[in-house]
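Dropping upload02.csv in here (CSV, C-alpha atoms and all ligand atoms):
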chain,number,residue,atom,x,y,z
N,1,MET,CA,16.1,13.2,10.3
N,2,GLY,CA,12.8,13.0,8.4
N,3,SER,CA,9.6,13.5,10.2
N,4,LEU,CA,6.4,14.6,8.5
N,5,GLN,CA,3.3,16.3,9.8
N,6,LEU,CA,0.2,16.9,7.6
N,7,THR,CA,-2.5,19.0,9.0
N,8,SER,CA,-6.0,19.5,7.5
N,9,ILE,CA,-4.7,19.0,3.9
N,10,ARG,CA,-7.4,19.8,1.4
N,11,LYS,CA,-7.0,19.7,-2.4
N,12,ALA,CA,-9.7,20.5,-5.0
N,13,PHE,CA,-9.4,20.3,-8.8
N,14,GLY,CA,-12.1,22.9,-9.7
N,15,THR,CA,-15.1,21.9,-7.7
N,16,HIS,CA,-14.0,18.4,-7.2
N,17,GLU,CA,-12.5,18.0,-3.7
N,18,VAL,CA,-10.0,15.2,-3.9
N,19,LEU,CA,-8.5,15.5,-0.4
N,20,LYS,CA,-10.9,16.3,2.3
N,21,GLY,CA,-8.8,17.3,5.4
N,22,ILE,CA,-5.9,14.9,5.9
N,23,ASP,CA,-4.1,14.8,9.2
N,24,LEU,CA,-1.1,12.5,9.5
N,25,ASP,CA,2.0,12.2,11.6
N,26,VAL,CA,5.0,10.2,10.2
N,27,LYS,CA,7.9,9.6,12.6
N,28,ASP,CA,11.5,9.7,11.5
N,29,GLY,CA,12.5,6.4,10.0
N,30,GLU,CA,9.0,5.1,9.5
N,31,PHE,CA,7.8,3.2,6.4
N,32,VAL,CA,4.3,4.5,5.7
N,33,ILE,CA,2.1,3.1,2.9
N,34,PHE,CA,-1.0,4.7,1.4
N,35,VAL,CA,-3.6,2.3,0.1
N,36,GLY,CA,-7.1,2.8,-1.2
N,37,PRO,CA,-9.3,2.3,-4.2
N,38,SER,CA,-8.4,3.9,-7.5
N,39,GLY,CA,-9.1,7.6,-7.5
N,40,CYS,CA,-9.2,8.0,-3.7
N,41,GLY,CA,-6.4,10.6,-3.7
N,42,LYS,CA,-3.2,8.6,-2.9
N,43,SER,CA,-1.0,10.0,-5.6
N,44,THR,CA,-2.4,13.5,-5.1
N,45,LEU,CA,-1.5,13.3,-1.4
N,46,LEU,CA,2.0,12.1,-2.3
N,47,ARG,CA,2.4,14.9,-4.8
N,48,VAL,CA,1.2,17.5,-2.2
N,49,ILE,CA,3.9,16.2,0.2
N,50,ALA,CA,6.5,16.5,-2.7
N,51,GLY,CA,5.3,20.0,-3.6
N,52,LEU,CA,4.4,18.9,-7.2
N,53,GLU,CA,0.8,19.8,-6.4
N,54,ASP,CA,-0.3,22.8,-4.3
N,55,ALA,CA,-2.7,22.0,-1.5
N,56,THR,CA,-5.9,24.2,-1.5
N,57,SER,CA,-5.3,24.6,2.3
N,58,GLY,CA,-3.5,22.9,5.1
N,59,SER,CA,0.0,22.5,6.4
N,60,VAL,CA,3.0,20.2,5.4
N,61,ARG,CA,5.8,20.2,7.9
N,62,ILE,CA,9.1,18.3,7.4
N,63,ASP,CA,11.2,18.1,10.6
N,64,GLY,CA,8.9,20.6,12.1
N,65,ALA,CA,9.4,23.3,9.4
N,66,GLU,CA,6.5,24.4,7.3
N,67,VAL,CA,7.3,23.7,3.6
N,68,ILE,CA,3.9,24.4,2.0
N,69,ASN,CA,5.4,27.3,0.1
N,70,THR,CA,8.8,25.7,-0.5
N,71,PRO,CA,9.5,24.4,-4.0
N,72,PRO,CA,9.9,20.7,-4.5
N,73,ALA,CA,13.7,20.8,-5.0
N,74,LYS,CA,14.2,22.5,-1.6
N,75,ARG,CA,12.0,20.2,0.5
N,76,GLY,CA,14.7,17.5,1.0
N,77,ILE,CA,12.6,14.8,-0.6
N,78,ALA,CA,13.3,12.4,-3.4
N,79,MET,CA,10.6,10.7,-5.4
N,80,VAL,CA,10.6,7.4,-7.2
N,81,PHE,CA,7.9,7.0,-9.9
N,82,GLN,CA,6.3,4.0,-11.5
N,83,SER,CA,7.7,5.1,-14.9
N,84,TYR,CA,11.4,5.4,-13.6
N,85,ALA,CA,11.7,8.8,-15.3
N,86,LEU,CA,15.4,8.2,-16.3
N,87,TYR,CA,17.2,10.2,-19.0
N,88,PRO,CA,17.6,7.9,-22.0
N,89,HIS,CA,20.8,9.6,-23.3
N,90,LEU,CA,22.7,9.4,-20.0
N,91,THR,CA,24.5,6.4,-18.5
N,92,VAL,CA,23.3,4.8,-15.3
N,93,LYS,CA,26.1,6.6,-13.4
N,94,ASP,CA,25.2,10.0,-14.8
N,95,ASN,CA,21.5,9.4,-14.3
N,96,MET,CA,22.2,8.6,-10.6
N,97,GLY,CA,24.5,11.6,-10.1
N,98,LEU,CA,22.5,14.2,-12.1
N,99,GLY,CA,20.5,15.6,-9.2
N,100,LEU,CA,23.7,16.2,-7.2
N,101,LYS,CA,25.5,17.7,-10.3
N,102,GLN,CA,22.6,20.1,-10.8
N,103,ALA,CA,22.7,21.1,-7.1
N,104,GLY,CA,26.4,22.1,-7.7
N,105,GLU,CA,27.8,19.2,-5.6
N,106,GLU,CA,31.6,18.5,-5.9
N,107,LYS,CA,32.6,15.8,-8.3
N,108,SER,CA,34.3,13.7,-5.6
N,109,VAL,CA,31.2,13.8,-3.5
N,110,ILE,CA,29.0,12.7,-6.4
N,111,GLU,CA,31.4,9.9,-7.3
N,112,ALA,CA,31.4,8.6,-3.7
N,113,ARG,CA,27.7,8.7,-3.2
N,114,VAL,CA,26.9,7.1,-6.6
N,115,ALA,CA,29.5,4.4,-5.8
N,116,LYS,CA,27.9,3.7,-2.4
N,117,ALA,CA,24.3,3.6,-3.8
N,118,SER,CA,25.4,1.5,-6.7
N,119,GLY,CA,27.0,-1.0,-4.4
N,120,MET,CA,23.9,-1.1,-2.2
N,121,LEU,CA,21.7,-1.9,-5.2
N,122,SER,CA,24.1,-4.2,-7.1
N,123,LEU,CA,24.3,-1.8,-10.0
N,124,ASP,CA,28.1,-1.8,-10.4
N,125,PRO,CA,28.1,-3.9,-13.6
N,126,TYR,CA,25.7,-1.5,-15.3
N,127,LEU,CA,27.1,1.9,-14.5
N,128,ALA,CA,28.3,2.6,-18.1
N,129,ARG,CA,25.0,1.4,-19.7
N,130,ARG,CA,22.1,3.5,-20.8
N,131,PRO,CA,18.5,2.9,-19.6
N,132,ALA,CA,17.5,1.2,-22.9
N,133,GLU,CA,20.2,-1.5,-22.2
N,134,LEU,CA,18.6,-2.4,-18.8
N,135,SER,CA,15.7,-4.6,-17.7
N,136,GLY,CA,12.7,-3.0,-16.0
N,137,GLY,CA,13.9,-4.1,-12.6
N,138,GLN,CA,17.4,-2.7,-13.2
N,139,ARG,CA,15.9,0.6,-14.4
N,140,GLN,CA,13.8,0.9,-11.2
N,141,ARG,CA,16.9,0.2,-9.2
N,142,VAL,CA,18.6,3.1,-11.0
N,143,ALA,CA,15.7,5.3,-10.2
N,144,ILE,CA,15.9,4.2,-6.5
N,145,GLY,CA,19.7,4.8,-6.6
N,146,ARG,CA,19.1,8.3,-7.9
N,147,ALA,CA,16.9,9.0,-4.9
N,148,ILE,CA,19.4,7.5,-2.5
N,149,VAL,CA,22.4,9.6,-3.6
N,150,ARG,CA,20.5,12.7,-2.8
N,151,GLU,CA,20.3,11.6,0.9
N,152,PRO,CA,16.8,13.0,1.2
N,153,LYS,CA,14.9,13.5,4.5
N,154,LEU,CA,11.9,11.7,2.9
N,155,PHE,CA,11.7,9.1,0.2
N,156,LEU,CA,8.4,9.1,-1.7
N,157,PHE,CA,7.5,6.1,-3.9
N,158,ASP,CA,4.5,6.2,-6.3
N,159,GLU,CA,3.7,2.6,-7.2
N,160,PRO,CA,7.4,1.9,-8.0
N,161,LEU,CA,6.9,-1.8,-8.7
N,162,SER,CA,3.8,-1.8,-10.8
N,163,ASN,CA,5.6,-2.0,-14.2
N,164,LEU,CA,7.6,-5.1,-13.1
N,165,ASP,CA,6.6,-8.8,-13.6
N,166,ALA,CA,5.6,-10.9,-10.6
N,167,ALA,CA,9.0,-12.4,-9.8
N,168,LEU,CA,10.8,-9.0,-10.2
N,169,ARG,CA,8.2,-7.4,-8.0
N,170,VAL,CA,9.0,-9.8,-5.2
N,171,GLN,CA,12.7,-9.4,-5.6
N,172,THR,CA,12.5,-5.5,-5.8
N,173,ARG,CA,10.1,-5.5,-2.8
N,174,LEU,CA,12.7,-7.4,-0.7
N,175,GLU,CA,15.4,-5.0,-1.9
N,176,ILE,CA,13.3,-2.0,-0.8
N,177,ALA,CA,12.7,-3.6,2.6
N,178,ALA,CA,16.4,-4.2,3.0
N,179,LEU,CA,17.2,-0.7,1.9
N,180,HIS,CA,14.8,0.7,4.5
N,181,ARG,CA,16.4,-1.3,7.3
N,182,ARG,CA,19.8,-0.2,6.1
N,183,LEU,CA,19.2,3.5,5.6
N,184,LYS,CA,16.7,3.8,8.4
N,185,ALA,CA,15.1,6.5,6.2
N,186,THR,CA,11.6,7.8,6.3
N,187,MET,CA,9.7,6.3,3.4
N,188,ILE,CA,6.2,7.1,2.1
N,189,TYR,CA,4.9,4.7,-0.5
N,190,VAL,CA,1.7,4.5,-2.6
N,191,THR,CA,0.6,1.1,-3.9
N,192,HIS,CA,-2.4,-0.9,-5.1
N,193,ASP,CA,-0.8,-4.1,-4.0
N,194,GLN,CA,-1.9,-5.5,-0.7
N,195,VAL,CA,1.1,-7.7,-0.3
N,196,GLU,CA,3.4,-4.8,-0.7
N,197,ALA,CA,1.5,-2.8,1.8
N,198,MET,CA,1.3,-5.7,4.3
N,199,THR,CA,5.0,-6.7,4.0
N,200,LEU,CA,6.7,-3.3,3.8
N,201,ALA,CA,4.8,-0.9,6.0
N,202,ASP,CA,5.3,0.0,9.6
N,203,LYS,CA,2.0,1.8,9.2
N,204,ILE,CA,-0.7,1.6,6.6
N,205,VAL,CA,-3.0,4.6,5.9
N,206,VAL,CA,-6.2,3.5,4.3
N,207,LEU,CA,-7.7,6.3,2.2
N,208,ASN,CA,-11.2,6.4,0.8
N,209,ALA,CA,-12.7,9.2,-1.3
N,210,GLY,CA,-10.1,11.7,-0.1
N,211,ALA,CA,-10.4,10.9,3.6
N,212,ILE,CA,-8.5,8.6,6.0
N,213,GLU,CA,-10.5,5.6,7.1
N,214,GLN,CA,-7.9,4.1,9.5
N,215,ILE,CA,-4.2,4.2,10.2
N,216,GLY,CA,-2.5,1.3,11.8
N,217,SER,CA,0.2,-1.4,11.5
N,218,PRO,CA,-0.6,-4.1,8.9
N,219,MET,CA,-1.7,-6.6,11.5
N,220,GLU,CA,-3.8,-4.1,13.4
N,221,LEU,CA,-5.7,-3.3,10.2
N,222,TYR,CA,-6.1,-7.0,9.5
N,223,ASN,CA,-7.1,-8.1,12.9
N,224,ARG,CA,-8.9,-5.0,14.2
N,225,PRO,CA,-10.4,-3.1,11.2
N,226,ALA,CA,-12.3,0.0,12.5
N,227,ASN,CA,-15.1,-0.2,10.0
N,228,LEU,CA,-16.7,-2.1,7.1
N,229,PHE,CA,-14.6,-0.3,4.5
N,230,VAL,CA,-11.2,-1.3,6.0
N,231,ALA,CA,-12.5,-4.8,6.8
N,232,GLY,CA,-13.4,-5.3,3.2
N,233,PHE,CA,-10.4,-3.6,1.7
N,234,ILE,CA,-7.6,-5.2,3.7
N,235,GLY,CA,-7.3,-9.0,3.1
N,236,SER,CA,-7.5,-11.2,0.0
N,237,PRO,CA,-9.7,-13.0,-0.5
N,238,GLN,CA,-12.0,-10.5,1.0
N,239,MET,CA,-13.7,-10.8,4.4
N,240,ASN,CA,-17.2,-12.4,4.2
N,241,PHE,CA,-20.0,-10.0,5.3
N,242,ILE,CA,-23.3,-11.4,6.5
N,243,GLU,CA,-26.5,-9.7,7.6
N,244,ALA,CA,-26.4,-10.1,11.3
N,245,GLY,CA,-30.2,-10.8,11.6
N,246,ARG,CA,-30.0,-13.8,9.3
N,247,ILE,CA,-27.6,-15.6,11.6
N,248,GLY,CA,-29.0,-14.5,15.0
N,249,GLU,CA,-26.5,-11.9,16.0
N,250,PRO,CA,-28.5,-9.3,17.8
N,251,GLY,CA,-27.1,-5.8,18.4
N,252,ALA,CA,-25.1,-5.8,15.1
N,253,LYS,CA,-26.1,-4.9,11.6
N,254,THR,CA,-23.4,-6.8,9.8
N,255,VAL,CA,-21.1,-9.6,10.8
N,256,GLY,CA,-17.7,-10.1,9.2
N,257,ILE,CA,-15.7,-13.3,9.1
N,258,ARG,CA,-12.4,-13.9,7.2
N,259,PRO,CA,-12.2,-16.8,4.8
N,260,GLU,CA,-9.6,-18.6,6.9
N,261,HIS,CA,-11.8,-18.4,10.0
N,262,ILE,CA,-14.4,-20.8,8.6
N,263,ALA,CA,-14.0,-24.6,8.8
N,264,LEU,CA,-15.7,-27.0,6.4
N,265,SER,CA,-17.0,-30.5,7.0
N,266,ARG,CA,-19.2,-33.0,5.3
N,267,ASP,CA,-20.6,-34.3,8.6
N,268,GLY,CA,-22.1,-31.4,10.4
N,269,GLY,CA,-21.6,-27.8,11.4
N,270,THR,CA,-23.3,-24.4,11.8
N,271,TRP,CA,-24.4,-23.5,8.3
N,272,GLN,CA,-25.4,-26.1,5.7
N,273,GLY,CA,-24.6,-25.3,2.1
N,274,ARG,CA,-23.5,-26.3,-1.4
N,275,VAL,CA,-20.1,-25.9,-3.0
N,276,GLU,CA,-20.3,-23.5,-6.0
N,277,HIS,CA,-16.7,-23.3,-7.0
N,278,VAL,CA,-13.3,-24.5,-5.9
N,279,GLU,CA,-9.9,-22.8,-6.6
N,280,HIS,CA,-6.7,-24.8,-6.0
N,281,LEU,CA,-3.9,-22.3,-5.3
N,282,GLY,CA,-1.3,-24.9,-4.3
N,283,ALA,CA,-0.7,-24.0,-0.7
N,284,ASP,CA,-4.4,-23.0,-0.2
N,285,THR,CA,-7.7,-24.1,-1.5
N,286,ILE,CA,-10.5,-21.5,-1.8
N,287,VAL,CA,-14.0,-22.9,-1.7
N,288,TYR,CA,-17.0,-20.8,-2.5
N,289,ILE,CA,-20.2,-22.1,-0.9
N,290,GLU,CA,-23.8,-21.0,-1.0
N,291,THR,CA,-25.7,-21.4,2.3
N,292,GLU,CA,-29.3,-20.4,3.0
N,293,LYS,CA,-28.4,-18.4,6.1
N,294,THR,CA,-25.4,-16.5,4.8
N,295,GLY,CA,-25.5,-16.3,1.1
N,296,LEU,CA,-22.2,-16.9,-0.7
N,297,LEU,CA,-19.3,-17.6,1.6
N,298,THR,CA,-15.6,-17.7,0.7
N,299,VAL,CA,-13.7,-20.2,2.7
N,300,ARG,CA,-9.9,-20.6,2.7
N,301,LEU,CA,-8.5,-24.0,3.6
N,302,PHE,CA,-4.8,-24.7,4.1
N,303,GLY,CA,-3.5,-27.4,1.8
N,304,GLU,CA,-5.3,-29.4,-0.8
N,305,HIS,CA,-8.9,-30.5,-0.3
N,306,PRO,CA,-11.2,-32.8,-2.3
N,307,TYR,CA,-14.3,-30.6,-2.4
N,308,ALA,CA,-16.0,-30.2,-5.7
N,309,PRO,CA,-19.0,-28.1,-7.1
N,310,ASP,CA,-22.4,-29.4,-5.9
N,311,ASP,CA,-20.9,-31.1,-2.8
N,312,LEU,CA,-23.1,-30.7,0.3
N,313,VAL,CA,-21.0,-29.3,3.1
N,314,PHE,CA,-21.3,-27.5,6.5
N,315,ALA,CA,-19.5,-24.3,7.3
N,316,THR,CA,-18.6,-23.5,10.9
N,317,PRO,CA,-17.2,-20.0,11.8
N,318,ASP,CA,-14.7,-19.5,14.5
N,319,MET,CA,-16.9,-17.4,16.8
N,320,ALA,CA,-14.0,-15.7,18.5
N,321,SER,CA,-12.9,-14.3,15.1
N,322,LEU,CA,-16.2,-12.6,14.2
N,323,HIS,CA,-16.2,-8.9,13.5
N,324,ARG,CA,-19.4,-7.1,14.3
N,325,PHE,CA,-20.4,-3.8,12.7
N,326,ASP,CA,-23.2,-1.3,13.6
N,327,ASP,CA,-25.7,0.5,11.3
N,328,ASP,CA,-23.0,3.0,10.3
N,329,GLY,CA,-20.5,0.3,9.5
N,330,ARG,CA,-18.4,1.0,12.5
N,331,VAL,CA,-16.9,-1.9,14.4
N,332,ILE,CA,-18.6,-2.8,17.7
N,333,ALA,CA,-15.7,-3.0,20.0
N,334,GLY,CA,-15.2,-5.1,23.1
N,335,ARG,CA,-16.9,-8.3,22.1
E,401,LIG,N1,-4.5,17.3,-12.4
E,401,LIG,C1,-5.8,16.9,-12.2
E,401,LIG,N2,-6.9,17.6,-12.6
E,401,LIG,C2,-8.1,17.2,-12.3
E,401,LIG,N3,-8.4,16.1,-11.6
E,401,LIG,C3,-7.4,15.4,-11.1
E,401,LIG,C4,-6.0,15.7,-11.4
E,401,LIG,N4,-5.2,14.8,-10.8
E,401,LIG,C5,-6.0,13.9,-10.2
E,401,LIG,N5,-7.3,14.2,-10.4
E,401,LIG,C6,-8.5,13.5,-9.8
E,401,LIG,O1,-8.3,13.4,-8.4
E,401,LIG,C7,-8.7,12.1,-8.0
E,401,LIG,C8,-7.6,11.4,-7.2
E,401,LIG,O2,-6.6,11.1,-8.1
E,401,LIG,P1,-5.3,10.3,-7.6
E,401,LIG,O3,-4.4,10.1,-8.8
E,401,LIG,O4,-4.7,11.0,-6.4
E,401,LIG,O5,-5.9,9.0,-7.1
E,401,LIG,P2,-5.2,7.6,-6.7
E,401,LIG,O6,-5.8,7.2,-5.5
E,401,LIG,O7,-3.7,7.8,-6.7
E,401,LIG,O8,-5.7,6.7,-7.9
E,401,LIG,P3,-4.9,5.5,-8.7
E,401,LIG,O9,-4.8,4.4,-7.6
E,401,LIG,O10,-5.9,5.1,-9.7
E,401,LIG,O11,-3.6,6.0,-9.1
E,401,LIG,C9,-9.2,11.4,-9.2
E,401,LIG,O12,-10.6,11.5,-9.3
E,401,LIG,C10,-8.6,12.1,-10.3
E,401,LIG,O13,-9.3,12.0,-11.5
Translate the structure described by the file into structure tokens.
Ligand SMILES: Nc1ncnc2c1ncn2[C@@H]1O[C@H](COP(=O)(O)OP(=O)(O)OP(=O)(O)O)[C@@H](O)[C@H]1O
Amino acid sequence: MGSLQLTSIRKAFGTHEVLKGIDLDVKDGEFVIFVGPSGCGKSTLLRVIAGLEDATSGSVRIDGAEVINTPPAKRGIAMVFQSYALYPHLTVKDNMGLGLKQAGEEKSVIEARVAKASGMLSLDPYLARRPAELSGGQRQRVAIGRAIVREPKLFLFDEPLSNLDAALRVQTRLEIAALHRRLKATMIYVTHDQVEAMTLADKIVVLNAGAIEQIGSPMELYNRPANLFVAGFIGSPQMNFIEAGRIGEPGAKTVGIRPEHIALSRDGGTWQGRVEHVEHLGADTIVYIETEKTGLLTVRLFGEHPYAPDDLVFATPDMASLHRFDDDGRVIAGR
């Protein structure tokens, strides 16, 4: 079991309020990811859940029990940090078992749990090594293994992959996804990386300046962003925003259209413009065009395309894929 309820969590450092009333329900077994711009309070919220930071006010319940005054070690959580936080003088095996040893667990139990976690994470060949003798990816697997052996109610991950190179990030991301399927454990994960958030999460929580902008599944956030902030934050390249009045969309202040929902042609279309820049990404081509009506537009085309700077082109949006926002930046629903 491992459900989590946060109610009206506030946290201030001096006069700076970093969390401004966070309410969140996480069900047992869910994989929930916090995203948001640097400084929005993601890590602080995770640390409040862990008990490493005291909330100024509010309630943290794990499996229904209030833990706001419970020390971190007694909350039934395990945290995995970006920096691994392994003990350099201990072997992999001892690093993984240390938490259980300190908790006074029997040697046979420790051995069995370390062996199981090590098997799950393919760490068996490295059990006798020290952290300095491991790659970054292997070290992070040890840190994850150390969390697993404690059989926590909640796993908390604070940007666990950000010290790894691109290939290892992908591999470790897949391992974390497999681990979640296998353990069916509740996981809460902070990341800067959109791909991690989109691929791992059951539910993404978008934070901005200490408050929640929207909570939803990755595709809900992508297809139905509630406001301009979420529309601009989720998706790369970013959604195009156009002043509604310039393109004759009455009743809205701003119109949004994702780069993949615009077609390009040399022969004719909705907005005439000039190619500014082209990026060939292999599977995709990103074309930046300047049109009189819309300003700079980012267009994503599947495959390779022979557009070049200064080409005259027409951009045509898929009207069914437009997002319309009101004066306050809230989506105008039902259109
Ligand atoms: N111990 C502290 N004392 C004072 N201010 C702090 C402390 N810890 C965090 N802050 C401030 O709280 C705000 C939120 O920080 P936090 O680390 O939670 O953000 P974040 O969203 O995780 O950012 P990043 O993505 O850059 O890691 C920041 O403005 C930060 O400077």
Quick one: residues within 10 Å of ligand LIG 401 (chain E), with all atoms listed in the file, as an NGL selection string?
:N and (11-19 or 34-48 or 53 or 158-159 or 190-192 or 207-210)
Take the residues from that selection and write them out as a short mmCIF file (atom, residue, chain, number, x, y, z; two decimals), keeping the file's coordinate frame, keeping C-alpha atoms.
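New file out.cif:
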data_model
loop_
_atom_site.label_atom_id
_atom_site.label_comp_id
_atom_site.auth_asym_id
_atom_site.auth_seq_id
_atom_site.Cartn_x
_atom_site.Cartn_y
_atom_site.Cartn_z
CA LYS N 11 -7.00 19.70 -2.40
CA ALA N 12 -9.70 20.50 -5.00
CA PHE N 13 -9.40 20.30 -8.80
CA GLY N 14 -12.10 22.90 -9.70
CA THR N 15 -15.10 21.90 -7.70
CA HIS N 16 -14.00 18.40 -7.20
CA GLU N 17 -12.50 18.00 -3.70
CA VAL N 18 -10.00 15.20 -3.90
CA LEU N 19 -8.50 15.50 -0.40
CA PHE N 34 -1.00 4.70 1.40
CA VAL N 35 -3.60 2.30 0.10
CA GLY N 36 -7.10 2.80 -1.20
CA PRO N 37 -9.30 2.30 -4.20
CA SER N 38 -8.40 3.90 -7.50
CA GLY N 39 -9.10 7.60 -7.50
CA CYS N 40 -9.20 8.00 -3.70
CA GLY N 41 -6.40 10.60 -3.70
CA LYS N 42 -3.20 8.60 -2.90
CA SER N 43 -1.00 10.00 -5.60
CA THR N 44 -2.40 13.50 -5.10
CA LEU N 45 -1.50 13.30 -1.40
CA LEU N 46 2.00 12.10 -2.30
CA ARG N 47 2.40 14.90 -4.80
CA VAL N 48 1.20 17.50 -2.20
CA GLU N 53 0.80 19.80 -6.40
CA ASP N 158 4.50 6.20 -6.30
CA GLU N 159 3.70 2.60 -7.20
CA VAL N 190 1.70 4.50 -2.60
CA THR N 191 0.60 1.10 -3.90
CA HIS N 192 -2.40 -0.90 -5.10
CA LEU N 207 -7.70 6.30 2.20
CA ASN N 208 -11.20 6.40 0.80
CA ALA N 209 -12.70 9.20 -1.30
CA GLY N 210 -10.10 11.70 -0.10
#
Using only C-alpha atoms, what table do you get, as a Markdown table, when you list each residue of range 111-197 of chain N with an atom no more than 12 Å from range 211-223 of chain N, its nearest pair of atoms, and their distance in Å rounded to one decimal, rows by chain then rising number?
| residue | atom | partner | partner_atom | distance |
| --- | --- | --- | --- | --- |
| N:Gln194 | CA | N:Pro218 | CA | 9.8 |
| N:Val195 | CA | N:Pro218 | CA | 10.0 |
| N:Glu196 | CA | N:Pro218 | CA | 10.4 |
| N:Ala197 | CA | N:Pro218 | CA | 7.5 |
Same residues, C-alpha atoms, saved as a tab-separated table (two decimals), in the coordinates of the input:
chain	number	residue	atom	x	y	z
N	194	GLN	CA	-1.90	-5.50	-0.70
N	195	VAL	CA	1.10	-7.70	-0.30
N	196	GLU	CA	3.40	-4.80	-0.70
N	197	ALA	CA	1.50	-2.80	1.80
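Remark: for Gln138 in chain N, the closest of the candidate residues N:Ala320, N:Ile289, N:Leu121, N:Leu200 is N:Leu121 (distances computed over all atoms listed in the file).
Here CA of Leu123 in chain N stands at a distance of 17.2 Å from CA of Ala177 in chain N.
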Check the smallest atom-to-atom distance from each of N:Arg246, N:Arg113, N:Lys93, N:Arg300 to Leu281 in chain N using all atoms listed in the file, then report the winner.
N:Arg300
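We find CA of Tyr126 in chain N and CA of Arg139 in chain N to be spaced 10.1 Å apart.
Of the listed residues N:Leu322, N:Val313, N:Ile234, N:Met120, the one whose atoms come nearest to Ala178 in chain N is N:Met120, with distances taken using all atoms listed in the file.
Rounded to one decimal, CA of Asp311 in chain N and CA of Gly235 in chain N lie 26.6 Å from each other.
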Will you model N, CA and C atoms for range 73-89 of chain N and pass it back as a PDB file, in the coordinates of the input?
ATOM      1  N   ALA N  73      12.274  21.068  -5.032  1.00  0.00           N
ATOM      2  CA  ALA N  73      13.700  20.800  -5.000  1.00  0.00           C
ATOM      3  C   ALA N  73      14.320  21.183  -3.630  1.00  0.00           C
ATOM      4  N   LYS N  74      13.616  22.039  -2.905  1.00  0.00           N
ATOM      5  CA  LYS N  74      14.200  22.500  -1.600  1.00  0.00           C
ATOM      6  C   LYS N  74      13.563  21.843  -0.412  1.00  0.00           C
ATOM      7  N   ARG N  75      12.721  20.816  -0.654  1.00  0.00           N
ATOM      8  CA  ARG N  75      12.000  20.200   0.500  1.00  0.00           C
ATOM      9  C   ARG N  75      12.817  19.058   1.125  1.00  0.00           C
ATOM     10  N   GLY N  76      13.921  18.654   0.476  1.00  0.00           N
ATOM     11  CA  GLY N  76      14.700  17.500   1.000  1.00  0.00           C
ATOM     12  C   GLY N  76      14.030  16.206   0.826  1.00  0.00           C
ATOM     13  N   ILE N  77      13.272  16.096  -0.291  1.00  0.00           N
ATOM     14  CA  ILE N  77      12.600  14.800  -0.600  1.00  0.00           C
ATOM     15  C   ILE N  77      13.145  14.274  -1.904  1.00  0.00           C
ATOM     16  N   ALA N  78      13.005  12.965  -2.091  1.00  0.00           N
ATOM     17  CA  ALA N  78      13.300  12.400  -3.400  1.00  0.00           C
ATOM     18  C   ALA N  78      12.165  11.441  -3.733  1.00  0.00           C
ATOM     19  N   MET N  79      11.739  11.494  -4.997  1.00  0.00           N
ATOM     20  CA  MET N  79      10.600  10.700  -5.400  1.00  0.00           C
ATOM     21  C   MET N  79      10.925   9.674  -6.432  1.00  0.00           C
ATOM     22  N   VAL N  80      10.382   8.486  -6.264  1.00  0.00           N
ATOM     23  CA  VAL N  80      10.600   7.400  -7.200  1.00  0.00           C
ATOM     24  C   VAL N  80       9.255   7.074  -7.860  1.00  0.00           C
ATOM     25  N   PHE N  81       9.215   7.156  -9.190  1.00  0.00           N
ATOM     26  CA  PHE N  81       7.900   7.000  -9.900  1.00  0.00           C
ATOM     27  C   PHE N  81       7.857   5.594 -10.518  1.00  0.00           C
ATOM     28  N   GLN N  82       6.621   5.201 -10.811  1.00  0.00           N
ATOM     29  CA  GLN N  82       6.300   4.000 -11.500  1.00  0.00           C
ATOM     30  C   GLN N  82       7.077   3.918 -12.873  1.00  0.00           C
ATOM     31  N   SER N  83       7.176   5.080 -13.512  1.00  0.00           N
ATOM     32  CA  SER N  83       7.700   5.100 -14.900  1.00  0.00           C
ATOM     33  C   SER N  83       9.227   5.313 -14.919  1.00  0.00           C
ATOM     34  N   TYR N  84       9.900   5.230 -13.768  1.00  0.00           N
ATOM     35  CA  TYR N  84      11.400   5.400 -13.600  1.00  0.00           C
ATOM     36  C   TYR N  84      11.845   6.787 -13.891  1.00  0.00           C
ATOM     37  N   ALA N  85      11.347   7.434 -14.974  1.00  0.00           N
ATOM     38  CA  ALA N  85      11.700   8.800 -15.300  1.00  0.00           C
ATOM     39  C   ALA N  85      13.258   8.971 -15.394  1.00  0.00           C
ATOM     40  N   LEU N  86      13.914   8.067 -16.128  1.00  0.00           N
ATOM     41  CA  LEU N  86      15.400   8.200 -16.300  1.00  0.00           C
ATOM     42  C   LEU N  86      15.627   8.941 -17.636  1.00  0.00           C
ATOM     43  N   TYR N  87      16.796   9.570 -17.728  1.00  0.00           N
ATOM     44  CA  TYR N  87      17.200  10.200 -19.000  1.00  0.00           C
ATOM     45  C   TYR N  87      17.797   9.203 -19.922  1.00  0.00           C
ATOM     46  N   PRO N  88      17.176   8.986 -21.099  1.00  0.00           N
ATOM     47  CA  PRO N  88      17.600   7.900 -22.000  1.00  0.00           C
ATOM     48  C   PRO N  88      19.054   8.081 -22.512  1.00  0.00           C
ATOM     49  N   HIS N  89      19.492   9.348 -22.663  1.00  0.00           N
ATOM     50  CA  HIS N  89      20.800   9.600 -23.300  1.00  0.00           C
ATOM     51  C   HIS N  89      21.936   9.541 -22.264  1.00  0.00           C
TER      52      HIS N  89
END
